[in-house]
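> Hey, dropping work.txt in here, compact mmCIF, C-alpha atoms and all ligand atoms:
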# COMPACT_ATOMS: atom_id res chain seq x y z
CA MET U 21 16.47 -245.08 -72.78
CA GLN U 22 19.98 -244.15 -71.71
CA GLU U 23 20.41 -242.64 -68.27
CA LYS U 24 21.18 -238.92 -68.30
CA ILE U 25 24.58 -237.79 -67.07
CA ARG U 26 23.81 -235.57 -64.07
CA LEU U 27 27.09 -233.75 -63.48
CA LEU U 28 27.95 -231.79 -60.36
CA PHE U 29 31.03 -229.66 -60.96
CA ILE U 30 32.50 -227.95 -57.87
CA GLY U 31 34.68 -224.86 -58.42
CA ASP U 32 38.19 -224.31 -57.03
CA ILE U 33 38.35 -225.76 -53.50
CA VAL U 34 40.53 -223.47 -51.35
CA GLY U 35 42.30 -224.83 -48.27
CA ARG U 36 40.87 -226.58 -45.25
CA PRO U 37 37.82 -224.25 -45.16
CA GLY U 38 37.01 -225.31 -48.74
CA MET U 39 37.36 -229.00 -47.87
CA ASP U 40 35.11 -228.49 -44.84
CA ALA U 41 32.49 -226.88 -47.11
CA VAL U 42 32.66 -229.86 -49.49
CA ASN U 43 32.21 -232.19 -46.50
CA THR U 44 29.22 -230.20 -45.26
CA TYR U 45 27.35 -229.43 -48.49
CA LEU U 46 28.30 -232.02 -51.14
CA PRO U 47 26.04 -234.85 -49.84
CA GLY U 48 23.02 -232.51 -49.92
CA LEU U 49 23.85 -231.28 -53.42
CA ILE U 50 24.27 -234.85 -54.69
CA ALA U 51 20.84 -235.71 -53.26
CA LYS U 52 19.18 -232.53 -54.57
CA TYR U 53 20.36 -233.01 -58.16
CA GLU U 54 20.47 -236.82 -58.05
CA ALA U 55 24.00 -236.36 -59.34
CA ASN U 56 25.70 -239.43 -60.79
CA PHE U 57 28.98 -237.82 -61.89
CA ILE U 58 31.02 -235.56 -59.60
CA VAL U 59 34.00 -233.47 -60.76
CA VAL U 60 35.82 -230.96 -58.56
CA ASN U 61 38.67 -228.52 -59.11
CA GLY U 62 41.36 -229.13 -56.47
CA GLU U 63 44.21 -226.81 -57.46
CA ASN U 64 44.14 -224.82 -54.18
CA ILE U 65 43.46 -227.43 -51.48
CA SER U 66 46.85 -227.63 -49.69
CA ASN U 67 46.95 -224.13 -48.20
CA GLY U 68 46.22 -222.69 -51.64
CA LYS U 69 48.76 -224.78 -53.51
CA GLY U 70 47.85 -228.06 -55.20
CA LEU U 71 46.75 -231.14 -53.28
CA ASN U 72 48.28 -234.29 -51.83
CA GLU U 73 47.25 -237.95 -51.94
CA GLY U 74 45.39 -237.84 -48.61
CA GLU U 75 43.29 -234.86 -49.72
CA ALA U 76 42.48 -236.54 -53.03
CA ASN U 77 41.40 -239.68 -51.16
CA GLN U 78 39.15 -237.63 -48.86
CA LEU U 79 37.37 -236.28 -51.95
CA PHE U 80 37.07 -239.73 -53.54
CA GLY U 81 35.59 -240.93 -50.22
CA LEU U 82 32.88 -238.27 -50.53
CA GLY U 83 31.84 -239.61 -53.95
CA VAL U 84 34.03 -237.44 -56.21
CA HIS U 85 34.98 -239.23 -59.45
CA ILE U 86 37.52 -236.87 -61.07
CA ILE U 87 39.67 -234.01 -59.71
CA THR U 88 40.95 -231.30 -62.05
CA THR U 89 43.68 -228.84 -61.04
CA GLY U 90 45.44 -225.89 -62.74
CA ASN U 91 48.47 -223.61 -62.55
CA HIS U 92 48.81 -223.84 -58.74
CA VAL U 93 49.20 -227.63 -58.77
CA TRP U 94 52.84 -227.12 -59.77
CA ASP U 95 53.53 -225.06 -56.59
CA ASN U 96 53.20 -228.20 -54.46
CA TRP U 97 55.88 -230.89 -54.84
CA LYS U 98 53.55 -233.47 -53.25
CA SER U 99 51.10 -233.02 -56.13
CA ARG U 100 53.55 -234.27 -58.75
CA PRO U 101 53.76 -237.92 -57.62
CA LEU U 102 49.97 -237.85 -57.25
CA LEU U 103 49.56 -236.62 -60.84
CA ALA U 104 51.97 -239.32 -62.00
CA SER U 105 50.23 -242.13 -60.11
CA THR U 106 46.54 -241.70 -60.99
CA ASP U 107 44.47 -240.66 -64.00
CA LYS U 108 41.66 -239.52 -61.66
CA VAL U 109 43.59 -236.32 -60.85
CA LEU U 110 44.17 -234.24 -63.98
CA ARG U 111 46.36 -231.28 -64.86
CA PRO U 112 45.87 -229.06 -67.92
CA PHE U 113 46.55 -231.01 -71.13
CA ASN U 114 48.49 -228.20 -72.86
CA TYR U 115 51.50 -228.02 -70.51
CA PRO U 116 54.78 -228.87 -72.26
CA TYR U 117 55.74 -232.50 -72.77
CA GLY U 118 57.79 -233.88 -69.86
CA ASN U 119 55.53 -232.74 -67.00
CA PRO U 120 53.86 -235.52 -65.00
CA GLY U 121 50.16 -236.29 -65.19
CA LYS U 122 47.36 -236.51 -67.73
CA GLY U 123 45.14 -233.85 -69.28
CA PHE U 124 42.12 -236.04 -69.93
CA THR U 125 40.57 -239.21 -68.60
CA PHE U 126 37.43 -241.36 -68.86
CA HIS U 127 34.81 -242.43 -66.34
CA LYS U 128 32.38 -245.30 -66.84
CA MET U 129 28.89 -244.53 -65.53
CA ALA U 130 26.86 -247.23 -63.75
CA SER U 131 24.82 -247.50 -66.97
CA GLY U 132 27.98 -248.40 -68.90
CA GLU U 133 28.08 -245.04 -70.67
CA GLU U 134 31.51 -243.41 -70.83
CA VAL U 135 32.16 -239.74 -70.14
CA ALA U 136 35.48 -237.94 -70.60
CA VAL U 137 36.90 -235.00 -68.66
CA LEU U 138 39.46 -232.79 -70.44
CA GLN U 139 41.33 -229.98 -68.75
CA LEU U 140 42.91 -227.09 -70.66
CA GLN U 141 44.56 -223.88 -69.45
CA GLY U 142 44.50 -220.41 -70.99
CA ARG U 143 47.59 -218.35 -71.80
CA THR U 144 46.39 -214.76 -71.38
CA PHE U 145 47.92 -213.36 -68.12
CA MET U 146 49.20 -216.90 -67.40
CA GLN U 147 52.15 -219.15 -68.32
CA THR U 148 52.93 -219.24 -72.05
CA ILE U 149 52.12 -222.91 -72.51
CA ASP U 150 50.91 -224.60 -75.73
CA CYS U 151 47.89 -223.13 -77.54
CA PRO U 152 44.78 -224.38 -75.69
CA PHE U 153 42.62 -224.18 -78.82
CA ARG U 154 44.90 -226.40 -80.93
CA ALA U 155 45.44 -228.62 -77.88
CA ALA U 156 41.66 -228.99 -77.58
CA ASP U 157 41.45 -230.11 -81.23
CA LYS U 158 44.22 -232.64 -80.68
CA ALA U 159 42.69 -234.02 -77.46
CA LEU U 160 39.20 -234.29 -78.98
CA SER U 161 40.55 -236.31 -81.91
CA MET U 162 41.83 -238.86 -79.37
CA ILE U 163 38.88 -238.74 -76.93
CA SER U 164 36.15 -239.03 -79.59
CA GLU U 165 37.40 -242.51 -80.52
CA ARG U 166 35.85 -243.61 -77.19
CA THR U 167 33.07 -241.12 -76.36
CA ASN U 168 31.53 -237.79 -77.32
CA ASN U 169 30.25 -237.15 -73.79
CA ILE U 170 33.00 -234.68 -72.96
CA VAL U 171 33.25 -232.22 -70.05
CA VAL U 172 35.96 -229.55 -70.37
CA ASP U 173 37.42 -227.60 -67.43
CA PHE U 174 38.98 -224.48 -69.00
CA HIS U 175 41.30 -223.02 -66.36
CA ALA U 176 41.94 -219.47 -67.51
CA ASP U 177 42.14 -215.88 -66.34
CA ALA U 178 40.82 -213.82 -69.24
CA THR U 179 37.06 -213.75 -69.78
CA ALA U 180 37.46 -213.26 -73.54
CA GLU U 181 39.75 -216.30 -73.86
CA LYS U 182 37.24 -218.43 -71.96
CA ILE U 183 34.28 -217.30 -74.06
CA SER U 184 36.35 -217.94 -77.21
CA MET U 185 36.91 -221.51 -76.03
CA GLY U 186 33.16 -221.89 -75.51
CA TRP U 187 32.54 -220.96 -79.14
CA HIS U 188 35.47 -223.09 -80.35
CA LEU U 189 34.00 -226.19 -78.68
CA ASP U 190 30.24 -225.52 -79.05
CA GLY U 191 28.62 -228.68 -80.41
CA ARG U 192 31.84 -230.67 -80.03
CA VAL U 193 31.70 -231.22 -76.25
CA SER U 194 28.89 -231.41 -73.69
CA ALA U 195 30.15 -228.68 -71.35
CA VAL U 196 32.87 -226.02 -71.08
CA ILE U 197 33.19 -224.97 -67.44
CA GLY U 198 35.59 -222.20 -66.45
CA THR U 199 37.77 -222.29 -63.33
CA HIS U 200 40.65 -220.24 -61.81
CA THR U 201 39.21 -216.73 -61.17
CA HIS U 202 37.37 -217.89 -58.00
CA ILE U 203 34.35 -215.67 -58.74
CA GLN U 204 31.26 -217.24 -60.29
CA THR U 205 29.99 -215.51 -63.42
CA ALA U 206 26.32 -214.99 -64.29
CA ASP U 207 26.56 -216.27 -67.89
CA GLY U 208 25.72 -219.96 -67.42
CA CYS U 209 23.88 -221.00 -70.61
CA ILE U 210 23.47 -223.62 -73.31
CA LEU U 211 25.26 -222.44 -76.48
CA PRO U 212 23.41 -222.80 -79.86
CA ASN U 213 24.94 -226.17 -80.72
CA GLY U 214 24.23 -227.78 -77.35
CA THR U 215 27.29 -227.12 -75.19
CA ALA U 216 26.69 -225.97 -71.59
CA TYR U 217 28.94 -223.01 -70.84
CA ILE U 218 29.97 -220.82 -67.90
CA THR U 219 32.96 -218.48 -67.78
CA ASP U 220 33.73 -219.37 -64.15
CA SER U 221 32.12 -221.80 -61.74
CA GLY U 222 33.38 -219.88 -58.67
CA MET U 223 35.34 -220.69 -55.50
CA THR U 224 34.57 -223.21 -52.77
CA GLY U 225 36.20 -221.57 -49.78
CA PRO U 226 36.25 -218.47 -47.56
CA TYR U 227 34.64 -215.34 -49.03
CA ASP U 228 35.69 -213.00 -46.20
CA SER U 229 38.85 -212.72 -48.28
CA VAL U 230 40.34 -211.76 -51.62
CA VAL U 231 39.81 -214.91 -53.75
CA GLY U 232 40.56 -217.03 -50.65
CA MET U 233 43.54 -215.02 -49.43
CA ARG U 234 43.57 -212.96 -46.21
CA LYS U 235 42.33 -209.44 -47.04
CA ASP U 236 45.17 -207.57 -45.31
CA VAL U 237 47.81 -209.56 -47.22
CA ALA U 238 46.06 -209.02 -50.56
CA LEU U 239 45.77 -205.29 -49.91
CA LYS U 240 49.48 -205.03 -49.07
CA ARG U 241 50.33 -206.74 -52.36
CA PHE U 242 48.28 -204.24 -54.32
CA MET U 243 49.14 -201.12 -52.34
CA LEU U 244 52.84 -201.73 -51.78
CA GLN U 245 53.55 -203.55 -55.08
CA THR U 246 55.92 -205.98 -53.34
CA ALA U 247 55.70 -209.68 -52.39
CA HIS U 248 53.85 -210.63 -49.18
CA LYS U 249 53.41 -214.16 -47.91
CA TYR U 250 50.15 -215.77 -48.96
CA GLU U 251 47.94 -216.58 -45.99
CA MET U 252 44.60 -218.34 -46.16
CA ALA U 253 41.41 -216.67 -45.01
CA LYS U 254 38.89 -218.74 -43.03
CA ASP U 255 35.48 -217.07 -42.66
CA ASP U 256 32.22 -216.90 -44.69
CA VAL U 257 32.76 -220.27 -46.37
CA LYS U 258 30.62 -221.22 -49.38
CA ILE U 259 30.46 -224.02 -51.93
CA CYS U 260 30.18 -222.94 -55.57
CA GLY U 261 29.67 -224.83 -58.80
CA VAL U 262 27.31 -225.89 -61.55
CA TYR U 263 24.90 -228.72 -62.20
CA VAL U 264 24.75 -229.90 -65.83
CA ASN U 265 22.32 -232.47 -67.24
CA ILE U 266 23.72 -234.21 -70.34
CA ASP U 267 21.79 -236.42 -72.75
CA PRO U 268 24.18 -239.22 -73.78
CA SER U 269 22.10 -240.02 -76.88
CA THR U 270 23.00 -236.61 -78.37
CA ASN U 271 26.00 -235.71 -76.17
CA GLN U 272 24.31 -232.33 -75.70
CA ALA U 273 23.55 -230.49 -72.47
CA MET U 274 19.88 -230.14 -71.55
CA LYS U 275 20.37 -227.85 -68.56
CA ILE U 276 22.98 -225.85 -66.67
CA GLU U 277 22.28 -224.52 -63.19
CA PRO U 278 24.94 -222.59 -61.27
CA PHE U 279 24.74 -222.69 -57.46
CA VAL U 280 26.31 -220.90 -54.48
CA SER U 281 25.58 -222.21 -51.01
CA PRO U 282 24.92 -220.49 -48.67
CA ALA U 283 23.70 -217.68 -50.94
CA PHE U 284 25.33 -214.24 -50.78
CA GLU U 285 23.68 -211.70 -48.50
CA THR U 286 22.25 -208.98 -50.76
CA GLU U 287 20.00 -207.17 -48.31
CA VAL U 288 20.26 -205.92 -44.76
CA THR U 289 17.17 -206.34 -42.61
CA LEU U 290 16.90 -203.97 -39.65
FE FE U 301 42.12 -221.60 -58.18
FE FE U 302 44.42 -221.32 -61.10
Give the structure from the file, written as structure tokens.
Ligand SMILES: [Fe+2]
Ligand SMILES: [Fe+2]

Amino acid sequence: MQEKIRLLFIGDIVGRPGMDAVNTYLPGLIAKYEANFIVVNGENISNGKGLNEGEANQLFGLGVHIITTGNHVWDNWKSRPLLASTDKVLRPFNYPYGNPGKGFTFHKMASGEEVAVLQLQGRTFMQTIDCPFRAADKALSMISERTNNIVVDFHADATAEKISMGWHLDGRVSAVIGTHTHIQTADGCILPNGTAYITDSGMTGPYDSVVGMRKDVALKRFMLQTAHKYEMAKDDVKICGVYVNIDPSTNQAMKIEPFVSPAFETEVTL
């Protein structure tokens, strides 16, 4: 019997607090789920903007196999040579031709089974890049020559666009996992044709914040409607993500389990 693919996917890691949370909690999560494939989103590691080679190597040292990114990877000039030099750090596949980096890659499990990771980015409220749905079709035609165990990170802002991608890929990939909004959604499920789906896997970083940013800066941006320098928050740090169990004999997901650690406080005890 083929070994199951036990995927741990960690949502957007924000800054040094997010990296500290990965350091603290990832080993325990790997042990708890007996994870054998680790994917993280690293678009916000360097003070909110992209990641550099040293940060990528720290994650690989913790057992991470593939790092996905997103729109903020382009804000950091040190990310570009990293994207150009390794296929273990991805950027969304549907950016225009000429940008460095790759949008999908393959990982060989210890059992010899291959699994692909594909990253796409939405267009609603974001850059007007190539159509992610047609890009997905094009990428799958290339990836499926090697494997049908396919994990998709859909980095998008609009809930409806993300759900649409879930339906577009249901039964064609093993998982569609949303990133970018930094807030985990409560809709983790297995779609009718066997694809694990969640609109957003959530942020790994400081929650005493506005999506990782200092609260006072975020409020100024909204209340004054002018630019204010982004500054990282640092307190109430959590790790967020999903565990997905994939059966390589069918390429379908058997289970999706979102997690947030430590859990949110929902009750005050006097
Ligand atoms: Fe992000
Ligand atoms: Fe993003």
> Report as a tab-separated table: every residue of chain U with an atom at most 12 Å from ligand FE 302 (chain U), its closest pair of atoms, and their distance in Å to one decimal, counting all atoms listed in the file, with rows sorted by chain and ascending residue number.

residue	atom	partner	partner_atom	distance
U:Gly31	CA	U:FE302	FE	10.7
U:Asp32	CA	U:FE302	FE	8.0
U:Ile33	CA	U:FE302	FE	10.7
U:Val34	CA	U:FE302	FE	10.7
U:Asn61	CA	U:FE302	FE	9.4
U:Gly62	CA	U:FE302	FE	9.6
U:Glu63	CA	U:FE302	FE	6.6
U:Asn64	CA	U:FE302	FE	7.8
U:Ile65	CA	U:FE302	FE	11.4
U:Gly68	CA	U:FE302	FE	9.7
U:Lys69	CA	U:FE302	FE	9.4
U:Gly70	CA	U:FE302	FE	9.6
U:Thr88	CA	U:FE302	FE	10.6
U:Thr89	CA	U:FE302	FE	7.6
U:Gly90	CA	U:FE302	FE	5.0
U:Asn91	CA	U:FE302	FE	4.9
U:His92	CA	U:FE302	FE	5.6
U:Val93	CA	U:FE302	FE	8.3
U:Trp94	CA	U:FE302	FE	10.3
U:Asp95	CA	U:FE302	FE	10.8
U:Arg111	CA	U:FE302	FE	10.8
U:Pro112	CA	U:FE302	FE	10.4
U:Gln139	CA	U:FE302	FE	12.0
U:Leu140	CA	U:FE302	FE	11.3
U:Gln141	CA	U:FE302	FE	8.7
U:Gly142	CA	U:FE302	FE	9.9
U:Arg143	CA	U:FE302	FE	11.5
U:Phe145	CA	U:FE302	FE	11.2
U:Met146	CA	U:FE302	FE	9.1
U:Gln147	CA	U:FE302	FE	10.8
U:Asp173	CA	U:FE302	FE	11.3
U:Phe174	CA	U:FE302	FE	10.1
U:His175	CA	U:FE302	FE	6.3
U:Ala176	CA	U:FE302	FE	7.1
U:Asp177	CA	U:FE302	FE	7.9
U:Ala178	CA	U:FE302	FE	11.6
U:Gly198	CA	U:FE302	FE	10.4
U:Thr199	CA	U:FE302	FE	7.1
U:His200	CA	U:FE302	FE	4.0
U:Thr201	CA	U:FE302	FE	6.9
U:His202	CA	U:FE302	FE	8.4
U:Ile203	CA	U:FE302	FE	11.8
U:Asp220	CA	U:FE302	FE	11.3
U:Gly222	CA	U:FE302	FE	11.4
U:Met223	CA	U:FE302	FE	10.7
U:Val231	CA	U:FE302	FE	10.8
U:Gly232	CA	U:FE302	FE	11.9
> Nearest to ligand FE 301 (chain U) among U:Ser99, U:Lys275, U:Phe57, U:Ser221, with distances taken over all atoms listed in the file: which residue is it?
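Looking only at the distances to ligand FE 301 (chain U), the closest residue turns out to be U:Ser221.
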> Residues near Val59 (chain U), anyone? I mean within 8 Å using all atoms listed in the file, not counting same-chain ones fewer than 5 positions away, as an mmCIF file with C-alpha atoms, in the frame of the given file.

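As a result, part.cif now contains:
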data_model
loop_
_atom_site.group_PDB
_atom_site.id
_atom_site.type_symbol
_atom_site.label_atom_id
_atom_site.label_comp_id
_atom_site.auth_asym_id
_atom_site.auth_seq_id
_atom_site.Cartn_x
_atom_site.Cartn_y
_atom_site.Cartn_z
ATOM 1 C CA LEU U 27 27.090 -233.750 -63.480
ATOM 2 C CA LEU U 28 27.950 -231.790 -60.360
ATOM 3 C CA PHE U 29 31.030 -229.660 -60.960
ATOM 4 C CA ILE U 30 32.500 -227.950 -57.870
ATOM 5 C CA VAL U 84 34.030 -237.440 -56.210
ATOM 6 C CA HIS U 85 34.980 -239.230 -59.450
ATOM 7 C CA ILE U 86 37.520 -236.870 -61.070
ATOM 8 C CA ILE U 87 39.670 -234.010 -59.710
ATOM 9 C CA THR U 88 40.950 -231.300 -62.050
#
> From the options U:Val280, U:Met252, U:Asp190, U:Leu138, which residue's atoms come nearest to Thr205 (chain U), counting only C-alpha atoms?
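Closest residue, counting only C-alpha atoms: U:Val280.
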> Looking at all atoms listed in the file, which of U:Ser164, U:Asn213, U:Gln245, U:Asn96 is the one that sits closest to Phe124 (chain U)?
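For Phe124 (chain U), the nearest of the given residues is U:Ser164.
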> List every protein, DNA or RNA residue with an atom no more than 12 Å from (28.5, -244.8, -76.2) in the file's coordinates, counting all atoms listed in the file, and format the result as JSON, numbers by chain.
{"U": [22, 23, 127, 128, 129, 131, 132, 133, 134, 135, 136, 164, 165, 166, 167, 168, 169, 170, 267, 268, 269, 270, 271]}
> Give the answer as one residue: which of U:Gly186, U:Thr224, U:His248, U:Phe126 has the shortest atom-to-atom distance to ligand FE 301 (chain U), using only C-alpha atoms and all ligand atoms?
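Of U:Gly186, U:Thr224, U:His248, U:Phe126, the one nearest ligand FE 301 (chain U) is U:Thr224, counting only C-alpha atoms and all ligand atoms.
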> What does the distance from CA of Ala195 (chain U) to CA of Pro116 (chain U) come to in Å, to one decimal?
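Between CA of Ala195 (chain U) and CA of Pro116 (chain U) the gap is 24.6 Å.
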> Using all atoms listed in the file, which of the listed residues (U:Met233, U:Leu102, U:Val193, U:Val264) sits closest to ligand FE 301 (chain U)?
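Closest to ligand FE 301 (chain U) of all the choices is U:Met233.
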> Kindly indicate which residue among U:Ala238, U:Val230, U:Ala283, U:Ala273 lies nearest to Gly191 (chain U), using all atoms listed in the file for the distances.
U:Ala273
> Just how far from CA of Tyr53 (chain U) is CA of Gly83 (chain U), in Å to one decimal?
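CA of Tyr53 (chain U) lies 13.9 Å from CA of Gly83 (chain U).
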> In Å, how far is it from CA of Asp228 (chain U) to CA of Asn43 (chain U)?
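So the two atoms, CA of Asp228 (chain U) and CA of Asn43 (chain U), lie 19.5 Å apart.
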> List as a PDB file with C-alpha atoms, in the frame of the given file the protein and nucleic acid residues near Lys254 (chain U), meaning an atom at most 9 Å away when all atoms listed in the file are counted, but skip any in the same chain fewer than 4 places from it.

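Once written, selection_3.pdb looks like this:
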ATOM      1  CA  GLY U  35      42.300-224.830 -48.270  1.00  0.00           C
ATOM      2  CA  ARG U  36      40.870-226.580 -45.250  1.00  0.00           C
ATOM      3  CA  PRO U  37      37.820-224.250 -45.160  1.00  0.00           C
ATOM      4  CA  GLY U  38      37.010-225.310 -48.740  1.00  0.00           C
ATOM      5  CA  GLY U 225      36.200-221.570 -49.780  1.00  0.00           C
ATOM      6  CA  PRO U 226      36.250-218.470 -47.560  1.00  0.00           C
ATOM      7  CA  TYR U 227      34.640-215.340 -49.030  1.00  0.00           C
ATOM      8  CA  ASP U 228      35.690-213.000 -46.200  1.00  0.00           C
ATOM      9  CA  SER U 229      38.850-212.720 -48.280  1.00  0.00           C
ATOM     10  CA  GLY U 232      40.560-217.030 -50.650  1.00  0.00           C
ATOM     11  CA  MET U 233      43.540-215.020 -49.430  1.00  0.00           C
ATOM     12  CA  ARG U 234      43.570-212.960 -46.210  1.00  0.00           C
TER      13      ARG U 234
END
